[in-house]
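S.K.: One file is attached below, protein.cif, containing mmCIF, C-alpha atoms.
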```
data_work
#
loop_
_atom_site.label_atom_id
_atom_site.label_comp_id
_atom_site.auth_asym_id
_atom_site.auth_seq_id
_atom_site.Cartn_x
_atom_site.Cartn_y
_atom_site.Cartn_z
CA MET A 200 103.63 16.51 -243.70
CA ILE A 201 104.94 18.91 -246.37
CA ILE A 202 102.62 19.95 -249.20
CA VAL A 203 103.67 22.07 -252.19
CA GLN A 204 101.01 23.95 -254.15
CA VAL A 205 101.59 25.18 -257.70
CA SER A 206 98.87 26.67 -259.86
CA ASP A 207 97.74 28.25 -263.12
CA PHE A 208 100.32 26.97 -265.60
CA HIS A 209 98.29 28.11 -268.66
CA VAL A 210 100.57 26.01 -270.84
CA ASP A 211 100.70 27.28 -274.44
CA LEU A 212 99.44 30.79 -273.69
CA CYS A 213 101.87 33.34 -275.11
CA VAL A 214 101.95 35.95 -272.34
CA ARG A 215 103.15 39.40 -273.37
CA THR A 216 103.99 41.86 -270.62
CA ALA A 217 105.72 45.22 -270.53
CA ALA A 218 108.87 43.39 -269.43
CA GLY A 219 108.78 40.85 -272.26
CA THR A 220 107.12 37.58 -273.25
CA VAL A 221 106.66 34.73 -270.80
CA ASP A 222 107.20 31.18 -272.06
CA THR A 223 104.66 29.11 -270.10
CA ARG A 224 106.21 25.78 -271.10
CA GLU A 225 109.60 26.88 -269.83
CA ARG A 226 108.04 28.18 -266.63
CA LEU A 227 106.56 24.73 -266.01
CA ARG A 228 109.91 23.05 -266.64
CA GLN A 229 111.55 25.39 -264.15
CA ALA A 230 108.82 24.87 -261.56
CA VAL A 231 109.16 21.08 -261.77
CA ALA A 232 112.94 21.35 -261.34
CA TRP A 233 112.42 23.70 -258.38
CA VAL A 234 110.02 21.31 -256.65
CA ASP A 235 112.36 18.38 -257.23
CA ALA A 236 115.25 20.29 -255.65
CA LEU A 237 113.38 21.19 -252.44
CA ARG A 238 114.86 19.85 -249.23
CA PRO A 239 113.41 18.32 -247.22
CA VAL A 240 111.53 16.51 -249.95
CA PRO A 241 107.79 17.35 -249.98
CA ASP A 242 105.28 14.58 -249.38
CA VAL A 243 102.91 15.68 -252.13
CA VAL A 244 102.36 18.31 -254.83
CA LEU A 245 98.89 19.77 -255.43
CA VAL A 246 98.06 21.59 -258.67
CA THR A 247 95.06 23.90 -258.29
CA GLY A 248 93.79 24.24 -261.83
CA ASP A 249 94.36 25.92 -265.19
CA LEU A 250 97.03 23.40 -266.12
CA VAL A 251 96.65 24.39 -269.76
CA ASN A 252 95.15 27.35 -271.58
CA ASP A 253 92.94 25.76 -274.24
CA GLY A 254 92.18 22.28 -272.94
CA THR A 255 93.71 20.39 -275.87
CA PRO A 256 95.10 16.84 -275.64
CA GLU A 257 98.47 18.09 -276.89
CA GLN A 258 98.73 20.64 -274.10
CA TYR A 259 97.84 18.01 -271.50
CA ALA A 260 100.41 15.62 -272.95
CA PHE A 261 103.13 18.19 -272.30
CA VAL A 262 101.92 18.92 -268.76
CA LYS A 263 101.68 15.21 -268.01
CA GLN A 264 105.22 14.66 -269.28
CA MET A 265 106.56 17.45 -267.08
CA LEU A 266 104.68 16.40 -263.93
CA SER A 267 105.76 12.79 -264.42
CA MET A 268 109.31 13.96 -263.74
CA LEU A 269 108.40 14.72 -260.13
CA THR A 270 109.68 12.19 -257.64
CA VAL A 271 106.73 12.70 -255.25
CA PRO A 272 102.98 12.11 -255.77
CA CYS A 273 101.17 14.87 -257.64
CA TYR A 274 97.41 15.50 -257.78
CA VAL A 275 95.51 17.90 -260.04
CA VAL A 276 92.10 19.58 -260.16
CA PRO A 277 90.60 21.44 -263.13
CA GLY A 278 90.32 25.19 -263.53
CA ASN A 279 88.18 27.25 -265.88
CA HIS A 280 90.72 26.92 -268.73
CA ASP A 281 90.78 23.13 -268.46
CA ASP A 282 88.73 20.58 -270.38
CA ARG A 283 87.31 17.97 -268.02
CA GLU A 284 87.34 14.98 -270.38
CA ASN A 285 90.71 15.68 -271.98
CA MET A 286 92.18 16.13 -268.52
CA ARG A 287 90.55 12.92 -267.30
CA ARG A 288 92.04 10.99 -270.23
CA ALA A 289 95.49 12.53 -269.79
CA PHE A 290 95.71 11.52 -266.12
CA ALA A 291 93.69 8.28 -266.30
CA ASP A 292 96.72 6.12 -265.51
CA GLN A 293 97.30 7.91 -262.20
CA GLY A 294 94.40 6.07 -260.61
CA TYR A 295 92.78 8.86 -258.61
CA LEU A 296 90.31 10.26 -261.19
CA ASP A 297 87.04 8.33 -261.38
CA SER A 298 86.31 7.39 -264.99
CA GLU A 299 82.57 7.11 -264.25
CA SER A 300 81.96 10.36 -262.37
CA ASP A 301 80.60 13.52 -263.99
CA TYR A 302 83.09 15.57 -261.98
CA LEU A 303 86.78 15.26 -261.17
CA HIS A 304 86.30 14.98 -257.40
CA TYR A 305 88.32 12.57 -255.30
CA VAL A 306 89.77 11.91 -251.85
CA ILE A 307 93.35 10.94 -251.00
CA ASP A 308 93.31 9.07 -247.70
CA GLY A 309 96.86 7.74 -247.46
CA CYS A 310 98.50 10.90 -246.08
CA PRO A 311 98.62 12.34 -242.54
CA LEU A 312 96.28 15.05 -243.83
CA ARG A 313 93.21 13.82 -245.69
CA LEU A 314 93.12 15.54 -249.09
CA VAL A 315 89.76 16.38 -250.68
CA ALA A 316 89.80 17.57 -254.29
CA LEU A 317 86.91 19.63 -255.69
CA ASP A 318 85.99 20.21 -259.33
CA THR A 319 84.55 23.75 -259.73
CA LEU A 320 84.62 23.82 -263.55
CA ILE A 321 81.71 25.14 -265.63
CA PRO A 322 82.62 24.29 -269.25
CA GLY A 323 83.07 27.39 -271.37
CA GLN A 324 82.82 29.85 -268.47
CA GLU A 325 85.33 31.71 -266.33
CA GLN A 326 83.18 31.40 -263.23
CA GLY A 327 83.24 28.28 -261.12
CA GLU A 328 80.44 26.47 -259.37
CA LEU A 329 79.67 24.09 -256.56
CA CYS A 330 76.18 22.95 -257.50
CA THR A 331 73.86 20.89 -255.29
CA ARG A 332 75.36 17.59 -256.50
CA ARG A 333 78.90 18.71 -255.84
CA LEU A 334 78.05 20.15 -252.44
CA THR A 335 76.27 16.92 -251.51
CA TRP A 336 79.37 14.95 -252.48
CA LEU A 337 81.52 17.24 -250.31
CA GLU A 338 79.15 16.94 -247.34
CA GLU A 339 79.23 13.15 -247.59
CA ARG A 340 83.00 12.96 -247.82
CA LEU A 341 83.53 15.26 -244.85
CA SER A 342 80.97 13.30 -242.86
CA ASP A 343 82.83 10.07 -243.68
CA ALA A 344 85.81 11.08 -241.50
CA PRO A 345 84.87 13.87 -239.07
CA ALA A 346 87.94 13.30 -236.89
CA ARG A 347 90.52 13.26 -239.71
CA PRO A 348 92.42 16.55 -240.24
CA THR A 349 91.52 17.53 -243.79
CA LEU A 350 92.76 19.88 -246.50
CA ILE A 351 90.47 20.85 -249.41
CA PHE A 352 91.96 21.93 -252.73
CA MET A 353 90.06 23.57 -255.61
CA HIS A 354 90.52 26.19 -258.33
CA HIS A 355 88.04 28.99 -257.64
CA PRO A 356 88.35 30.61 -254.20
CA PRO A 357 85.07 30.50 -252.26
CA PHE A 358 85.66 33.87 -250.57
CA ALA A 359 85.41 37.46 -251.85
CA THR A 360 88.90 38.61 -252.76
CA GLY A 361 88.22 42.36 -252.81
CA MET A 362 89.30 42.41 -256.47
CA PRO A 363 86.06 43.13 -258.40
CA THR A 364 87.35 41.75 -261.68
CA PHE A 365 87.97 38.35 -260.12
CA ASP A 366 84.99 38.37 -257.79
CA MET A 367 82.75 38.66 -260.87
CA ILE A 368 84.22 35.36 -262.09
CA GLY A 369 84.32 33.72 -258.69
CA LEU A 370 82.46 30.73 -257.28
CA ARG A 371 78.73 30.16 -257.60
CA GLY A 372 77.45 28.30 -254.58
CA ALA A 373 79.95 29.96 -252.23
CA PRO A 374 77.32 30.81 -249.54
CA GLU A 375 76.12 27.21 -249.54
CA MET A 376 79.70 25.98 -249.28
CA ALA A 377 80.30 28.40 -246.40
CA ALA A 378 77.40 26.94 -244.42
CA LEU A 379 78.66 23.42 -245.13
CA ILE A 380 82.26 24.17 -244.12
CA ALA A 381 81.11 25.79 -240.87
CA ARG A 382 79.57 22.45 -239.86
CA HIS A 383 82.88 20.57 -240.13
CA SER A 384 85.66 21.44 -237.70
CA GLN A 385 88.29 19.07 -239.11
CA ILE A 386 89.23 21.30 -242.06
CA GLU A 387 92.77 22.63 -241.63
CA ALA A 388 92.67 24.80 -244.75
CA ILE A 389 91.18 25.35 -248.20
CA ILE A 390 93.69 26.08 -250.96
CA CYS A 391 92.84 27.57 -254.36
CA GLY A 392 94.24 29.16 -257.51
CA HIS A 393 92.52 31.30 -260.17
CA VAL A 394 93.40 34.84 -259.05
CA HIS A 395 97.16 34.80 -259.82
CA GLN A 396 97.79 36.41 -256.43
CA PRO A 397 98.84 34.93 -253.05
CA LEU A 398 95.92 35.71 -250.72
CA HIS A 399 94.72 34.30 -247.43
CA THR A 400 91.77 34.87 -245.13
CA LYS A 401 89.90 33.39 -242.19
CA TRP A 402 86.79 31.73 -243.57
CA CYS A 403 84.00 29.79 -241.86
CA GLY A 404 86.14 28.46 -239.03
CA THR A 405 89.16 27.59 -241.15
CA VAL A 406 91.74 29.42 -243.31
CA ALA A 407 91.59 29.80 -247.10
CA TYR A 408 94.59 30.49 -249.32
CA THR A 409 95.22 31.21 -252.97
CA ALA A 410 98.49 30.65 -254.81
CA ALA A 411 99.89 32.87 -257.52
CA SER A 412 100.59 31.50 -260.99
CA ILE A 413 103.89 29.84 -261.83
CA SER A 414 103.69 31.54 -265.24
CA PHE A 415 102.46 35.15 -264.88
CA GLN A 416 100.59 37.33 -262.42
CA TYR A 417 97.77 39.85 -262.47
CA PRO A 418 98.25 43.11 -260.58
CA LEU A 419 96.51 43.58 -257.25
CA ASP A 420 93.83 46.08 -258.30
CA LEU A 421 90.90 46.83 -256.01
CA GLY A 422 89.26 49.28 -258.41
CA PRO A 423 85.78 48.64 -259.84
CA SER A 424 86.92 48.50 -263.47
CA ALA A 425 90.34 46.89 -263.26
CA ALA A 426 91.79 45.54 -266.48
CA MET A 427 93.08 41.96 -266.41
CA GLU A 428 96.45 42.73 -267.96
CA PRO A 429 99.20 40.24 -267.11
CA VAL A 430 102.38 41.53 -265.51
CA TYR A 431 105.86 40.10 -265.36
CA ALA A 432 106.56 39.06 -261.79
CA PRO A 433 108.55 36.31 -260.11
CA PRO A 434 106.65 33.01 -260.17
CA THR A 435 105.70 31.69 -256.76
CA GLY A 436 104.34 28.59 -255.13
CA ARG A 437 103.17 27.76 -251.63
CA MET A 438 104.39 25.26 -249.10
CA TYR A 439 102.23 24.02 -246.24
CA VAL A 440 103.82 22.27 -243.29
CA TRP A 441 101.42 20.32 -241.10
CA ASP A 442 102.06 18.65 -237.78
CA GLN A 443 99.40 17.15 -235.55
CA ARG A 444 100.75 19.05 -232.55
CA THR A 445 101.09 22.50 -234.13
CA GLY A 446 98.67 22.46 -237.06
CA LEU A 447 99.26 24.04 -240.47
CA VAL A 448 101.85 26.69 -241.35
CA ALA A 449 101.81 28.27 -244.82
CA HIS A 450 104.89 29.59 -246.63
CA LEU A 451 105.19 31.67 -249.80
CA LEU A 452 108.13 30.55 -251.95
CA HIS A 453 109.66 32.23 -254.98
CA ILE A 454 110.56 29.96 -257.90
CA ALA A 455 113.80 30.87 -259.63
CA ALA A 456 112.88 31.31 -263.29
CA GLY A 457 113.73 33.15 -266.45
CA ARG A 458 111.23 34.13 -269.11
#
```
Represent the structure of the file as structure tokens.

M.R.:
Amino acid sequence: MIIVQVSDFHVDLCVRTAAGTVDTRERLRQAVAWVDALRPVPDVVLVTGDLVNDGTPEQYAFVKQMLSMLTVPCYVVPGNHDDRENMRRAFADQGYLDSESDYLHYVIDGCPLRLVALDTLIPGQEQGELCTRRLTWLEERLSDAPARPTLIFMHHPPFATGMPTFDMIGLRGAPEMAALIARHSQIEAIICGHVHQPLHTKWCGTVAYTAASISFQYPLDLGPSAAMEPVYAPPTGRMYVWDQRTGLVAHLLHIAAGR
């Protein structure tokens, strides 16, 4: 199974860097064309949050139009810049978002890897959260299929990144999630966005990854008072190749793009 991860589009944010201005709409167009040209063809595309910058219906309409051009299934989760209800309405016809649920959680069972999507959004805040209700939902879903190899995708990484600026706006409920994940051995990986950097770490018996943004990056700064100033850098995505015999292999891929 081949999975492509793209993240943090921030559509309609005008990003000014020392090297010039980044057009986030054009970056999304280029990313979609890049995914469509991949060979072999991926089985699925996962978008790990911050699809848009302001959560407006108009921004989601553009993202939906672009993602509809993909020839493979695509699944999204919200990030801190997203609006839960506007996102739910924009993707309602895709069939995987529950119109009755308070959160945009779901499970995709029709792939070789079981895909579990988590909603970490706290409206109006940069931090994310897995509250008791969300953790209970995750525990139940993992307990439903303990023998199925599973991949979890979410926006906020549950691990400390070593970047104080981002760790301050990380995930509430991470220790509780860590204890939960440690009880379930079927999890092949957890993939996230949010930090605009490609990171990976061993975590609670599995491996956790983040993807960089397809639009702009933040510098890797481990200082205690780092400024979140965007930088011009090549957009990247991740590819995960999973086989039952060999497990999961992660690749970092550069997306050819202009500004």

S.K.: Run the PyMOL selection byres ((chain A and resi 319) around 12) on the file and write out the hits as an NGL selection string.

M.R.: :A and (247-249 or 276-283 or 301-304 or 316-318 or 320-322 or 324-334 or 337 or 352-357 or 368-373 or 376 or 391-393)

S.K.: Taking only C-alpha atoms into account, name the residue in A:Gln416, A:Thr405, A:Thr349, A:Ser384 that is nearest to Leu314 (chain A).

M.R.: A:Thr349

S.K.: Do you have the CA of Cys273 (chain A)-CA of Leu245 (chain A) distance handy?

M.R.: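 Separation of CA of Cys273 (chain A) and CA of Leu245 (chain A): 5.8 Å.
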
S.K.: Just give me the gap between CA of Asp308 (chain A) and CA of Pro239 (chain A) in Å, one decimal is fine.

M.R.: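 These atoms are spaced 22.1 Å apart.
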
S.K.: Taking 2 positions as the minimum chain separation for residues in the same chain, which residues sit within 9 Å of Arg313 (chain A) when counting only C-alpha atoms? Answer as a ChimeraX atom specification.

M.R.: /A:306-311,315,344,347-351

S.K.: Find the distance between CA of Ile389 (chain A) and CA of Ala407 (chain A) and write it in Å to one decimal.

M.R.: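 Separation between CA of Ile389 (chain A) and CA of Ala407 (chain A): 4.6 Å.
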
S.K.: Name all residues at most 8 Å from region 378-382 of chain A (count only C-alpha atoms; drop same-chain ones fewer than 6 positions away) and give them as a list of chain:residue names.

M.R.: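 Near region 378-382 of chain A, the qualifying residues are A:Glu338, A:Cys403, A:Gly404.
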
S.K.: Pick from A:Met265, A:Ile386, A:Val205, A:Met200: nearest to Pro434 (chain A), with all atoms listed in the file counted?

M.R.: A:Val205

S.K.: Using only C-alpha atoms, which residue out of A:Phe358, A:Ile454, A:Val203, A:Tyr305 lies closest to Arg437 (chain A)?

M.R.: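 Of the candidates, the smallest distance to Arg437 (chain A) is held by A:Val203.
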
S.K.: Pick out the closest residue to Pro423 (chain A) from this set: A:Asp207, A:Asp366, A:Glu284, A:Glu387. Count all atoms listed in the file.

M.R.: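 Residue with the minimum atom-to-atom distance to Pro423 (chain A): A:Asp366.
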
S.K.: I'd like to know which of A:Asp297, A:Asp211, A:Asp242, A:Asp253 is closest to Trp441 (chain A), using all atoms listed in the file.

M.R.: A:Asp242

S.K.: Return as JSON, numbers by chain the set of residues that the PyMOL selection byres ((chain A and resi 445-453) around 9) yields on the displayed structure.

M.R.: {"A": [387, 388, 397, 408, 410, 433, 434, 435, 436, 437, 438, 439, 440, 441, 442, 443, 444, 454, 455, 456]}

S.K.: Ranking A:Thr216, A:Ile390, A:Gly294, A:Val275 by minimum distance to Tyr417 (chain A) and counting all atoms listed in the file, which one comes first?

M.R.: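 For Tyr417 (chain A), the nearest of the candidates is A:Thr216.
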
S.K.: The PyMOL selection byres ((chain A and resi 364) around 9) - which residues does that actually catch in the file I just gave you? List them as a list in words.

M.R.: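 Taken over the shown coordinates, the PyMOL selection byres ((chain A and resi 364) around 9) returns Gly361, Met362, Pro363, Phe365, Asp366, Met367, Ile368, Asp420, Leu421, Gly422, Pro423, Ser424, Ala425, Ala426 and Met427 of chain A.
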